[in-house]
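Enquirer: Dropping in data36.tsv, with TSV, C-alpha atoms and all ligand atoms.
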```tsv
chain	number	residue	atom	x	y	z
A	1	MET	CA	113.47	120.11	123.67
A	2	PHE	CA	110.54	118.22	122.24
A	3	SER	CA	107.70	117.37	124.56
A	4	LEU	CA	106.33	113.91	123.86
A	5	PRO	CA	103.67	111.80	125.59
A	6	LYS	CA	104.57	108.33	126.91
A	7	LYS	CA	101.42	106.78	125.51
A	8	VAL	CA	99.23	107.44	122.47
A	9	THR	CA	95.81	106.03	121.57
A	10	LEU	CA	95.18	105.06	117.97
A	11	ILE	CA	91.61	104.98	116.70
A	12	GLU	CA	91.52	102.55	113.79
A	13	VAL	CA	89.34	103.86	110.95
A	14	GLY	CA	90.23	101.24	108.31
A	15	PRO	CA	86.93	99.31	108.30
A	16	ARG	CA	85.02	102.60	107.77
A	17	ASP	CA	87.12	105.36	106.17
A	18	GLY	CA	89.37	102.72	104.64
A	19	LEU	CA	86.65	100.81	102.84
A	20	GLN	CA	83.95	103.44	102.12
A	21	ASN	CA	85.82	104.61	99.03
A	22	GLU	CA	86.73	101.17	97.68
A	23	LYS	CA	85.73	100.36	94.13
A	24	ASN	CA	85.19	96.70	95.00
A	25	GLN	CA	82.30	95.75	97.25
A	26	VAL	CA	84.15	93.97	100.07
A	27	GLU	CA	82.15	91.07	101.51
A	28	THR	CA	80.84	91.41	105.07
A	29	ASP	CA	82.69	88.25	106.22
A	30	ILE	CA	86.00	89.71	105.06
A	31	LYS	CA	85.29	93.00	106.86
A	32	ILE	CA	84.51	91.07	110.06
A	33	ALA	CA	87.71	89.03	109.76
A	34	PHE	CA	89.65	92.30	109.24
A	35	ILE	CA	87.98	93.87	112.32
A	36	ASN	CA	88.75	90.79	114.46
A	37	LYS	CA	92.40	90.75	113.40
A	38	LEU	CA	92.73	94.47	114.13
A	39	LYS	CA	91.45	93.83	117.65
A	40	GLU	CA	93.92	90.95	118.06
A	41	ALA	CA	96.67	93.40	117.12
A	42	GLY	CA	95.76	95.55	120.15
A	43	ILE	CA	93.36	98.11	118.66
A	44	THR	CA	90.93	99.24	121.38
A	45	GLU	CA	88.95	101.97	119.58
A	46	MET	CA	87.70	101.48	116.06
A	47	GLU	CA	85.24	102.92	113.53
A	48	LEU	CA	83.45	99.78	112.35
A	49	THR	CA	81.07	101.12	109.74
A	50	SER	CA	78.63	103.94	108.99
A	51	PHE	CA	74.86	104.20	108.84
A	52	VAL	CA	74.62	106.38	105.75
A	53	SER	CA	72.47	106.23	102.66
A	54	PRO	CA	73.32	103.05	100.73
A	55	LYS	CA	72.63	105.03	97.55
A	56	TRP	CA	75.36	107.49	98.46
A	57	VAL	CA	77.91	105.03	99.87
A	58	PRO	CA	77.15	101.46	98.72
A	59	GLN	CA	80.25	100.06	100.50
A	60	MET	CA	78.66	100.73	103.89
A	61	SER	CA	75.28	99.18	103.04
A	62	ASP	CA	76.03	96.17	105.28
A	63	ALA	CA	76.29	98.32	108.43
A	64	ARG	CA	73.57	96.36	110.23
A	65	GLU	CA	75.23	92.99	109.50
A	66	ILE	CA	78.61	94.32	110.59
A	67	MET	CA	77.08	95.33	113.93
A	68	ASN	CA	75.34	91.96	114.27
A	69	GLN	CA	78.49	89.97	113.59
A	70	ALA	CA	81.20	92.04	115.29
A	71	ASP	CA	82.04	91.66	118.99
A	72	LEU	CA	80.98	95.12	120.06
A	73	THR	CA	82.88	97.02	122.72
A	74	GLU	CA	82.24	100.43	124.33
A	75	ARG	CA	84.41	102.04	121.67
A	76	SER	CA	83.11	100.27	118.61
A	77	ILE	CA	82.29	103.52	116.85
A	78	VAL	CA	79.81	103.93	114.01
A	79	LEU	CA	79.26	107.02	111.90
A	80	ALA	CA	75.82	108.56	111.36
A	81	PRO	CA	75.10	111.75	109.41
A	82	ASN	CA	71.55	112.42	110.65
A	83	ALA	CA	68.74	111.35	112.98
A	84	LYS	CA	67.85	108.40	110.77
A	85	GLY	CA	71.44	107.09	110.85
A	86	VAL	CA	71.64	107.57	114.61
A	87	ALA	CA	68.36	105.66	115.14
A	88	LEU	CA	69.59	102.78	112.97
A	89	ALA	CA	72.93	102.76	114.81
A	90	GLN	CA	71.22	102.59	118.20
A	91	GLU	CA	68.86	99.84	117.06
A	92	ALA	CA	71.97	97.90	116.06
A	93	GLY	CA	73.44	98.32	119.55
A	94	ALA	CA	75.94	101.16	119.05
A	95	LYS	CA	77.31	102.68	122.27
A	96	SER	CA	79.65	105.12	120.49
A	97	ILE	CA	78.37	107.24	117.63
A	98	ALA	CA	80.27	109.67	115.43
A	99	VAL	CA	78.50	112.52	113.69
A	100	PHE	CA	80.34	114.36	110.93
A	101	VAL	CA	80.22	117.90	109.65
A	102	GLY	CA	82.52	119.96	107.42
A	103	VAL	CA	83.79	123.43	108.30
A	104	SER	CA	83.37	124.15	104.58
A	105	ASN	CA	79.79	124.58	103.48
A	106	THR	CA	80.48	123.42	99.95
A	107	PHE	CA	82.09	120.20	101.17
A	108	ASN	CA	79.28	119.60	103.66
A	109	GLN	CA	76.69	120.00	100.94
A	110	LYS	CA	78.50	117.56	98.68
A	111	ASN	CA	78.98	115.09	101.54
A	112	ILE	CA	75.65	115.20	103.35
A	113	ASN	CA	73.46	117.40	101.18
A	114	ARG	CA	73.02	120.12	103.83
A	115	THR	CA	74.81	123.34	104.72
A	116	THR	CA	77.01	123.23	107.81
A	117	ASP	CA	74.46	125.30	109.78
A	118	GLU	CA	71.58	123.06	108.67
A	119	SER	CA	73.55	120.02	109.84
A	120	ILE	CA	74.28	121.53	113.26
A	121	GLU	CA	70.65	122.54	113.68
A	122	ALA	CA	69.42	119.06	112.79
A	123	LEU	CA	72.03	117.34	114.97
A	124	THR	CA	71.46	119.50	118.07
A	125	PRO	CA	68.45	117.60	119.52
A	126	VAL	CA	69.96	114.30	118.38
A	127	ILE	CA	73.19	114.89	120.31
A	128	PHE	CA	71.34	116.11	123.43
A	129	LYS	CA	69.30	112.91	123.42
A	130	LEU	CA	72.34	110.69	122.86
A	131	LYS	CA	74.09	112.32	125.82
A	132	GLU	CA	71.00	111.85	128.01
A	133	GLU	CA	71.12	108.17	127.11
A	134	GLY	CA	74.79	107.89	128.02
A	135	ILE	CA	76.09	107.30	124.49
A	136	PHE	CA	79.69	108.29	123.70
A	137	VAL	CA	79.51	110.99	121.01
A	138	ARG	CA	82.36	111.80	118.71
A	139	ALA	CA	82.17	114.76	116.32
A	140	CYS	CA	84.26	114.44	113.18
A	141	ILE	CA	85.19	117.86	111.85
A	142	SER	CA	86.02	117.61	108.14
A	143	THR	CA	87.94	120.13	106.03
A	144	ALA	CA	89.48	121.62	109.17
A	145	PHE	CA	92.51	122.91	107.22
A	146	TYR	CA	91.67	122.92	103.50
A	147	CYS	CA	88.60	122.24	101.38
A	148	PRO	CA	88.85	120.84	97.85
A	149	TYR	CA	86.23	123.38	96.76
A	150	GLU	CA	86.78	126.45	98.99
A	151	GLY	CA	90.55	126.29	99.55
A	152	LYS	CA	92.23	127.29	102.82
A	153	ILE	CA	89.98	127.24	105.89
A	154	ASP	CA	90.21	129.98	108.48
A	155	VAL	CA	91.44	128.64	111.83
A	156	GLU	CA	88.82	130.72	113.67
A	157	GLU	CA	86.02	129.17	111.62
A	158	CYS	CA	87.20	125.69	112.54
A	159	ILE	CA	87.44	126.60	116.23
A	160	GLU	CA	83.95	128.11	116.12
A	161	LEU	CA	82.46	124.94	114.68
A	162	CYS	CA	84.26	122.84	117.30
A	163	ARG	CA	82.93	125.18	120.00
A	164	LYS	CA	79.35	124.46	118.90
A	165	PHE	CA	79.89	120.72	119.25
A	166	VAL	CA	81.61	121.07	122.62
A	167	ALA	CA	78.65	123.17	123.83
A	168	LEU	CA	76.35	120.30	122.81
A	169	GLY	CA	78.33	118.02	125.12
A	170	VAL	CA	80.25	115.80	122.69
A	171	ASP	CA	82.93	113.63	124.28
A	172	GLU	CA	85.44	113.80	121.45
A	173	LEU	CA	86.41	116.01	118.53
A	174	SER	CA	88.18	114.27	115.66
A	175	VAL	CA	89.62	117.07	113.59
A	176	ALA	CA	90.44	116.15	110.02
A	177	ASP	CA	92.77	117.13	107.24
A	178	THR	CA	90.35	115.61	104.74
A	179	ILE	CA	92.47	116.04	101.60
A	180	GLY	CA	95.91	115.79	103.20
A	181	MET	CA	97.07	119.34	102.53
A	182	ALA	CA	98.05	120.56	106.00
A	183	ASN	CA	101.71	121.07	106.86
A	184	PRO	CA	103.30	120.55	110.30
A	185	LEU	CA	103.19	124.24	111.22
A	186	GLU	CA	99.48	124.45	110.40
A	187	SER	CA	98.87	121.24	112.34
A	188	TYR	CA	100.71	122.59	115.39
A	189	GLU	CA	98.92	125.95	115.20
A	190	LEU	CA	95.42	124.49	114.96
A	191	PHE	CA	95.89	121.79	117.57
A	192	ILE	CA	97.55	124.03	120.14
A	193	ARG	CA	94.60	126.43	119.80
A	194	LEU	CA	92.07	123.60	120.10
A	195	ARG	CA	93.87	122.07	123.09
A	196	GLN	CA	93.80	125.42	124.89
A	197	ALA	CA	90.19	126.19	123.92
A	198	PHE	CA	88.79	122.77	124.89
A	199	PRO	CA	90.89	121.33	127.71
A	200	THR	CA	88.37	118.71	128.83
A	201	VAL	CA	87.23	117.16	125.55
A	202	LEU	CA	89.08	114.24	123.95
A	203	LEU	CA	90.94	115.73	121.01
A	204	THR	CA	91.96	113.52	118.11
A	205	ALA	CA	93.80	114.32	114.88
A	206	HIS	CA	92.74	112.66	111.61
A	207	PHE	CA	95.30	113.03	108.83
A	208	HIS	CA	94.93	111.84	105.26
A	209	ASP	CA	98.30	111.22	103.66
A	210	THR	CA	97.75	112.57	100.16
A	211	ARG	CA	100.99	114.57	100.13
A	212	LYS	CA	102.93	112.26	102.47
A	213	MET	CA	102.98	114.84	105.25
A	214	ALA	CA	100.82	112.94	107.74
A	215	LEU	CA	103.68	111.54	109.87
A	216	ALA	CA	105.26	114.99	110.06
A	217	ASN	CA	101.86	116.42	111.00
A	218	ILE	CA	101.47	113.81	113.74
A	219	PHE	CA	104.89	114.70	115.14
A	220	ALA	CA	103.88	118.38	115.15
A	221	SER	CA	100.54	117.56	116.79
A	222	LEU	CA	102.30	115.60	119.55
A	223	GLN	CA	104.11	118.86	120.36
A	224	ALA	CA	100.73	120.55	120.65
A	225	GLY	CA	99.68	118.01	123.30
A	226	ILE	CA	97.66	115.65	121.09
A	227	ASP	CA	97.84	112.00	122.09
A	228	ARG	CA	95.01	110.51	120.02
A	229	PHE	CA	95.21	109.84	116.27
A	230	ASP	CA	92.86	108.29	113.74
A	231	THR	CA	94.82	105.89	111.54
A	232	SER	CA	93.99	103.23	108.98
A	233	ALA	CA	95.69	99.85	108.57
A	234	GLY	CA	97.34	99.65	105.18
A	235	GLY	CA	96.80	103.38	104.68
A	236	LEU	CA	93.37	102.64	103.21
A	237	GLY	CA	90.85	105.45	102.98
A	238	GLY	CA	89.37	108.49	101.38
A	239	CYS	CA	86.10	110.34	101.22
A	240	PRO	CA	84.05	109.76	98.06
A	241	PHE	CA	82.82	113.37	98.17
A	242	ALA	CA	86.18	115.12	98.62
A	243	ASP	CA	88.04	115.40	95.33
A	244	GLY	CA	91.67	114.43	95.82
A	245	ALA	CA	91.24	112.68	99.17
A	246	THR	CA	93.39	109.56	99.32
A	247	GLY	CA	94.25	107.20	102.13
A	248	ASN	CA	94.57	107.89	105.84
A	249	VAL	CA	97.94	107.75	107.49
A	250	ALA	CA	98.84	104.07	107.88
A	251	THR	CA	98.42	102.61	111.37
A	252	GLU	CA	101.54	100.42	110.99
A	253	ASP	CA	103.73	103.38	110.02
A	254	VAL	CA	102.41	105.47	112.93
A	255	VAL	CA	102.96	102.61	115.40
A	256	ASN	CA	106.51	102.24	114.08
A	257	MET	CA	107.31	105.96	114.31
A	258	LEU	CA	105.87	106.21	117.82
A	259	ALA	CA	107.70	103.06	119.00
A	260	SER	CA	110.96	104.54	117.73
A	261	LEU	CA	110.20	107.57	119.93
A	262	ASN	CA	109.54	105.29	122.94
A	263	ILE	CA	105.83	106.07	122.85
A	264	THR	CA	103.60	103.06	123.49
A	265	THR	CA	100.39	102.38	121.56
A	266	GLY	CA	99.67	98.81	122.67
A	267	VAL	CA	99.52	97.80	118.99
A	268	ASP	CA	101.62	94.92	117.63
A	269	ILE	CA	102.92	95.71	114.12
A	270	LYS	CA	103.28	92.10	113.03
A	271	LYS	CA	99.70	91.29	114.01
A	272	LEU	CA	98.56	94.51	112.35
A	273	CYS	CA	100.23	93.37	109.14
A	274	GLU	CA	98.39	90.04	109.48
A	275	ALA	CA	95.17	92.06	109.59
A	276	ILE	CA	96.24	93.81	106.38
A	277	ASP	CA	96.89	90.38	104.82
A	278	VAL	CA	93.16	89.71	105.31
A	279	ILE	CA	91.97	92.83	103.50
A	280	ALA	CA	94.75	93.30	100.91
A	281	PRO	CA	93.44	90.80	98.33
A	282	HIS	CA	90.01	92.47	98.43
A	283	VAL	CA	90.95	96.07	97.72
A	284	SER	CA	91.47	97.47	94.25
A	285	HIS	CA	95.07	98.64	94.66
A	286	PRO	CA	98.31	97.32	96.14
A	287	ILE	CA	99.15	98.19	99.75
A	288	GLU	CA	102.53	99.87	99.72
A	289	THR	CA	103.00	101.41	103.14
A	290	GLY	CA	106.52	101.37	104.57
A	291	MET	CA	106.03	98.86	107.37
A	292	TYR	CA	103.76	96.53	105.39
A	293	GLN	CA	106.33	96.29	102.59
A	294	LEU	CA	109.04	95.40	105.11
A	295	TYR	CA	106.74	92.79	106.68
A	296	GLU	CA	106.08	91.26	103.25
A	297	LYS	CA	109.84	90.97	102.74
A	298	GLY	CA	110.16	89.40	106.21
A	299	ARG	CA	112.19	92.30	107.55
A	300	ASN	CA	110.07	94.09	110.17
A	401	LIG	P1	69.63	113.00	101.18
A	401	LIG	O1	69.43	112.42	99.82
A	401	LIG	O2	69.58	114.48	101.35
A	401	LIG	O3	68.69	112.28	102.26
A	401	LIG	O4	71.06	112.48	101.67
A	401	LIG	P2	67.19	112.53	102.63
A	401	LIG	O5	67.15	112.87	104.08
A	401	LIG	O6	66.52	113.45	101.65
A	401	LIG	O7	66.59	111.06	102.43
A	401	LIG	C1	66.61	110.46	101.15
A	401	LIG	C2	66.52	108.93	101.31
A	401	LIG	O8	67.67	108.44	102.02
A	401	LIG	C3	65.31	108.49	102.12
A	401	LIG	O9	64.94	107.20	101.63
A	401	LIG	C4	65.87	108.32	103.51
A	401	LIG	O10	65.13	107.43	104.30
A	401	LIG	C5	67.25	107.77	103.22
A	401	LIG	P3	63.78	107.02	100.53
A	401	LIG	O11	62.58	107.65	101.15
A	401	LIG	O12	64.24	107.73	99.29
A	401	LIG	O13	63.72	105.53	100.37
A	401	LIG	N1	68.21	108.06	104.28
A	401	LIG	C6	69.01	107.14	104.86
A	401	LIG	N2	69.18	105.83	104.65
A	401	LIG	C7	70.08	105.19	105.43
A	401	LIG	N3	70.82	105.80	106.37
A	401	LIG	C8	70.69	107.10	106.61
A	401	LIG	C9	69.74	107.83	105.84
A	401	LIG	N4	69.36	109.13	105.82
A	401	LIG	C10	68.43	109.25	104.87
A	401	LIG	N5	71.42	107.69	107.55
A	401	LIG	C11	72.45	111.78	103.51
A	401	LIG	C12	71.56	112.86	102.94
A	401	LIG	C13	73.12	112.33	104.73
A	401	LIG	C14	71.61	110.56	103.85
A	401	LIG	C15	73.49	111.37	102.42
A	401	LIG	O14	74.09	112.53	101.93
A	401	LIG	C16	74.57	110.46	102.97
A	401	LIG	O15	74.31	109.33	103.33
A	401	LIG	N6	75.83	110.94	103.02
A	401	LIG	C17	76.93	110.19	103.62
A	401	LIG	C18	78.22	110.62	103.04
A	401	LIG	C19	79.36	109.83	103.63
A	401	LIG	O16	79.20	108.76	104.18
A	401	LIG	N7	80.58	110.39	103.51
A	401	LIG	C20	81.75	109.76	104.04
A	401	LIG	C21	81.86	109.83	105.54
A	401	LIG	S1	82.52	111.38	106.12
A	401	LIG	C22	84.22	111.23	105.90
A	401	LIG	O17	84.69	110.30	105.30
A	401	LIG	C23	85.10	112.28	106.50
A	401	LIG	C24	85.85	111.80	107.76
A	401	LIG	O18	86.65	110.66	107.49
A	401	LIG	C25	86.77	112.93	108.26
A	401	LIG	C26	87.62	113.53	107.13
A	401	LIG	O19	88.53	112.83	106.65
A	401	LIG	O20	87.31	114.65	106.74
A	401	LIG	C27	84.88	111.45	108.89
A	402	MG	MG	88.63	110.68	106.63
```
Can the structure in the file be given as structure tokens, please?

Expert:
Amino acid sequence: MFSLPKKVTLIEVGPRDGLQNEKNQVETDIKIAFINKLKEAGITEMELTSFVSPKWVPQMSDAREIMNQADLTERSIVLAPNAKGVALAQEAGAKSIAVFVGVSNTFNQKNINRTTDESIEALTPVIFKLKEEGIFVRACISTAFYCPYEGKIDVEECIELCRKFVALGVDELSVADTIGMANPLESYELFIRLRQAFPTVLLTAHFHDTRKMALANIFASLQAGIDRFDTSAGGLGGCPFADGATGNVATEDVVNMLASLNITTGVDIKKLCEAIDVIAPHVSHPIETGMYQLYEKGRN
């Protein structure tokens, strides 16, 4: 029979992955209200923003103000692509920092203007220092399954890249299907290998829902022993430098599926939908996830 955990942790990525690709510049106050409502809904780990070049990703240019105005917790995570981003994040009080690298060289170059090896080399002393200072370090591994430019990614290549980060002492690997192309068998195969290879590191799955396979991939990953998932309220999201990347799997739909399987997340769907009410008028497209539509019709 299926083996399922009793409890799953959801890492909310809406304020970062969800908004970085938005056409509209969402005001800082609205982002803060969204973040606060997400916390009220029971979210305990969240990517708040990213310290990246404002020329590359204008939506995240208010990272400093977000950090100033948000009630920071140990797991208020911010993304940083390089030493400069990490320094800015620490100045702003970050205690959890996520670095990000693609398995695919072409994607990595388009995303952070460096090859994958150049990124690892530059990040090595940065991560050592962060660990010495007691900072929680998360490594986001992009294009773990498919790359929009290089196609299918070899499982061994992905594991090798993860191994380098684990050797540097990162606390968490967030392994991503950046363009939402993985199927449940591929998800199971990669995550069972990663779980066996890295038994002590926190292992998180990050599924974009481009082809509507993310819930199936989460179910498959649960079988592989994964009990942490990155999700985004309202299914917002996408990487500006990955052609074809659309939203992340919707937090409310994941909470609903897991609840129906008797798996607790600590997240209240109604309150989550109230958080989506805050952001919905400020994004450039309607929010049409299953549970949010039911909530709007008063039926959840
Ligand atoms: P670059 O142009 O090569 O940077 O960009 P540079 O090092 O040559 O510096 C150029 C200028 O940028 C300098 O300023 C630097 O100070 C400044 P100038 O002298 O011209 O005035 N700069 C910065 N400013 C602010 N913050 C920084 C920073 N670094 C340099 N951190 C760079 C390289 C990495 C900066 C750029 O490519 C970049 O910002 N990329 C970010 C891309 C991004 O945010 N992508 C989305 C997040 S990843 C993602 O969504 C995937 C994920 O969800 C998982 C998945 O789904 O796959 C995590
Ligand atoms: Mg993503």

Enquirer: Taking only C-alpha atoms and all ligand atoms and a cut-off of 7 Å, can you tell me which residues surround ligand MG 402 (chain A), written as number ranges by chain?

Expert: A: 17, 176, 178, 206, 208, 237-239, 248

Enquirer: Counting only C-alpha atoms, what is within 7 Å of Ile179 in chain A, bar same-chain residues fewer than 6 positions away, as an MDAnalysis selection string?

Expert: chainID A and resid 208 210 244:246

Enquirer: Between A:Thr143, A:Asn256, A:Asn111, A:Asn183, which one has atoms that come closest to Arg211 in chain A, using only C-alpha atoms?

Expert: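 Closest candidate: A:Asn183.
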
Enquirer: Just give me the residues with any atom within 12 Å of (86.8, 115.1, 109.7), file coordinates, counting all atoms listed in the file, written as an MDAnalysis selection string.

Expert: chainID A and resid 13 17 79 98:104 107:108 111 138:147 158 161:162 172:180 204:208 229:230 238:239 242 245 248

Enquirer: Could you pull the residues within 10 Å of Pro5 in chain A, counting only C-alpha atoms, minus those fewer than 6 positions along the same chain, as a PyMOL selection string?

Expert: chain A and resi 222-223+225-227+258+261-264

Enquirer: Go ahead and dump the residues you just picked, C-alpha atoms, as a short mmCIF file (atom, residue, chain, number, x, y, z; two decimals), in the coordinates of the input.

Expert:
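Listing of part_24.cif after writing:
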```
data_model
loop_
_atom_site.label_atom_id
_atom_site.label_comp_id
_atom_site.auth_asym_id
_atom_site.auth_seq_id
_atom_site.Cartn_x
_atom_site.Cartn_y
_atom_site.Cartn_z
CA LEU A 222 102.30 115.60 119.55
CA GLN A 223 104.11 118.86 120.36
CA GLY A 225 99.68 118.01 123.30
CA ILE A 226 97.66 115.65 121.09
CA ASP A 227 97.84 112.00 122.09
CA LEU A 258 105.87 106.21 117.82
CA LEU A 261 110.20 107.57 119.93
CA ASN A 262 109.54 105.29 122.94
CA ILE A 263 105.83 106.07 122.85
CA THR A 264 103.60 103.06 123.49
#
```

Enquirer: Figure out the distance between CA of Lys129 in chain A and CA of Pro54 in chain A, please, to one decimal in Å.

Expert: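 Interatomic distance, CA of Pro54 in chain A to CA of Lys129 in chain A: 25.1 Å.
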
Enquirer: What lies within 9 Å of Leu168 in chain A using only C-alpha atoms, ignoring chain neighbours under 6 positions off, as a PyMOL selection string?

Expert: chain A and resi 124-125+127-128+131

Enquirer: For the atom pair CA of Met291 in chain A and CA of Glu252 in chain A, what is the interatomic distance in Å to one decimal place?

Expert: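 Result for CA of Met291 in chain A versus CA of Glu252 in chain A: 6.0 Å, one decimal.
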
Enquirer: Would you work out the distance separating CA of Lys37 in chain A from CA of Ala275 in chain A, expressed in Å to one decimal?

Expert: 4.9 Å

Enquirer: Neighbouring residues of Ile35 in chain A were defined as those with any atom within 8 Å, considering all atoms listed in the file; residues of the same chain fewer than 4 positions away were excluded. Please report them as a ChimeraX atom specification.

Expert: /A:15,31,39,48,70,275

Enquirer: Identify, on the basis of all atoms listed in the file, every residue whose closest approach to Thr28 in chain A does not exceed 12 Å; exclude the query and any residue fewer than 5 positions from it along the same chain; express the result as a list in words.

Expert: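 Here the qualifying residues turn out to be Pro15, Leu19, Ala33, Phe34, Ile35, Leu48, Thr49, Gln59, Met60, Ser61, Asp62, Ala63, Arg64, Glu65, Ile66, Met67, Asn68, Gln69, Ala70, Ile279 and His282 of chain A.
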
Enquirer: For C-alpha atoms, I'd like the residues from the last selection saved as a PDB file, in the frame of the given file.

Expert:
```
ATOM      1  CA  PRO A  15      86.930  99.310 108.300  1.00  0.00           C
ATOM      2  CA  LEU A  19      86.650 100.810 102.840  1.00  0.00           C
ATOM      3  CA  ALA A  33      87.710  89.030 109.760  1.00  0.00           C
ATOM      4  CA  PHE A  34      89.650  92.300 109.240  1.00  0.00           C
ATOM      5  CA  ILE A  35      87.980  93.870 112.320  1.00  0.00           C
ATOM      6  CA  LEU A  48      83.450  99.780 112.350  1.00  0.00           C
ATOM      7  CA  THR A  49      81.070 101.120 109.740  1.00  0.00           C
ATOM      8  CA  GLN A  59      80.250 100.060 100.500  1.00  0.00           C
ATOM      9  CA  MET A  60      78.660 100.730 103.890  1.00  0.00           C
ATOM     10  CA  SER A  61      75.280  99.180 103.040  1.00  0.00           C
ATOM     11  CA  ASP A  62      76.030  96.170 105.280  1.00  0.00           C
ATOM     12  CA  ALA A  63      76.290  98.320 108.430  1.00  0.00           C
ATOM     13  CA  ARG A  64      73.570  96.360 110.230  1.00  0.00           C
ATOM     14  CA  GLU A  65      75.230  92.990 109.500  1.00  0.00           C
ATOM     15  CA  ILE A  66      78.610  94.320 110.590  1.00  0.00           C
ATOM     16  CA  MET A  67      77.080  95.330 113.930  1.00  0.00           C
ATOM     17  CA  ASN A  68      75.340  91.960 114.270  1.00  0.00           C
ATOM     18  CA  GLN A  69      78.490  89.970 113.590  1.00  0.00           C
ATOM     19  CA  ALA A  70      81.200  92.040 115.290  1.00  0.00           C
ATOM     20  CA  ILE A 279      91.970  92.830 103.500  1.00  0.00           C
ATOM     21  CA  HIS A 282      90.010  92.470  98.430  1.00  0.00           C
TER      22      HIS A 282
END
```

Enquirer: Nearest to ligand LIG 401 (chain A): which of A:Tyr292, A:Phe198, A:Tyr188, A:Phe241 is it, counting only C-alpha atoms and all ligand atoms?

Expert: A:Phe241

Enquirer: Which is closest to ligand LIG 401 (chain A) among A:Val255, A:Leu194, A:Lys7, A:Gly247, if we use only C-alpha atoms and all ligand atoms?

Expert: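 Ranking A:Val255, A:Leu194, A:Lys7, A:Gly247 by distance to ligand LIG 401 (chain A), first place goes to A:Gly247.
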
Enquirer: With distances taken over all atoms listed in the file, which residue among A:Ile159, A:Leu236, A:Ala220, A:Val278 lies nearest ligand LIG 401 (chain A)?

Expert: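 Comparing A:Ile159, A:Leu236, A:Ala220, A:Val278 against ligand LIG 401 (chain A), the winner is A:Leu236.
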
Enquirer: Could you check the closest approach to Phe136 in chain A for each of A:Glu45, A:Ala92, A:Lys152, A:Ala197 and tell me which residue wins, using only C-alpha atoms?

Expert: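 Checking each of A:Glu45, A:Ala92, A:Lys152, A:Ala197 against Phe136 in chain A, counting only C-alpha atoms, the winner is A:Glu45.
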
Enquirer: Ranking A:Met257, A:Leu72, A:Val283, A:Met181 by minimum distance to ligand LIG 401 (chain A) and counting all atoms listed in the file, which one comes first?

Expert: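 Closest candidate: A:Met181.
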
Enquirer: Identify the residues within 12 Å of coordinate (104.1, 102.0, 108.1) (same frame as the file), considering only C-alpha atoms, and give the answer as a ChimeraX atom specification.

Expert: /A:209,212,214-215,231-236,248-259,269-270,272-273,276,287-296,300
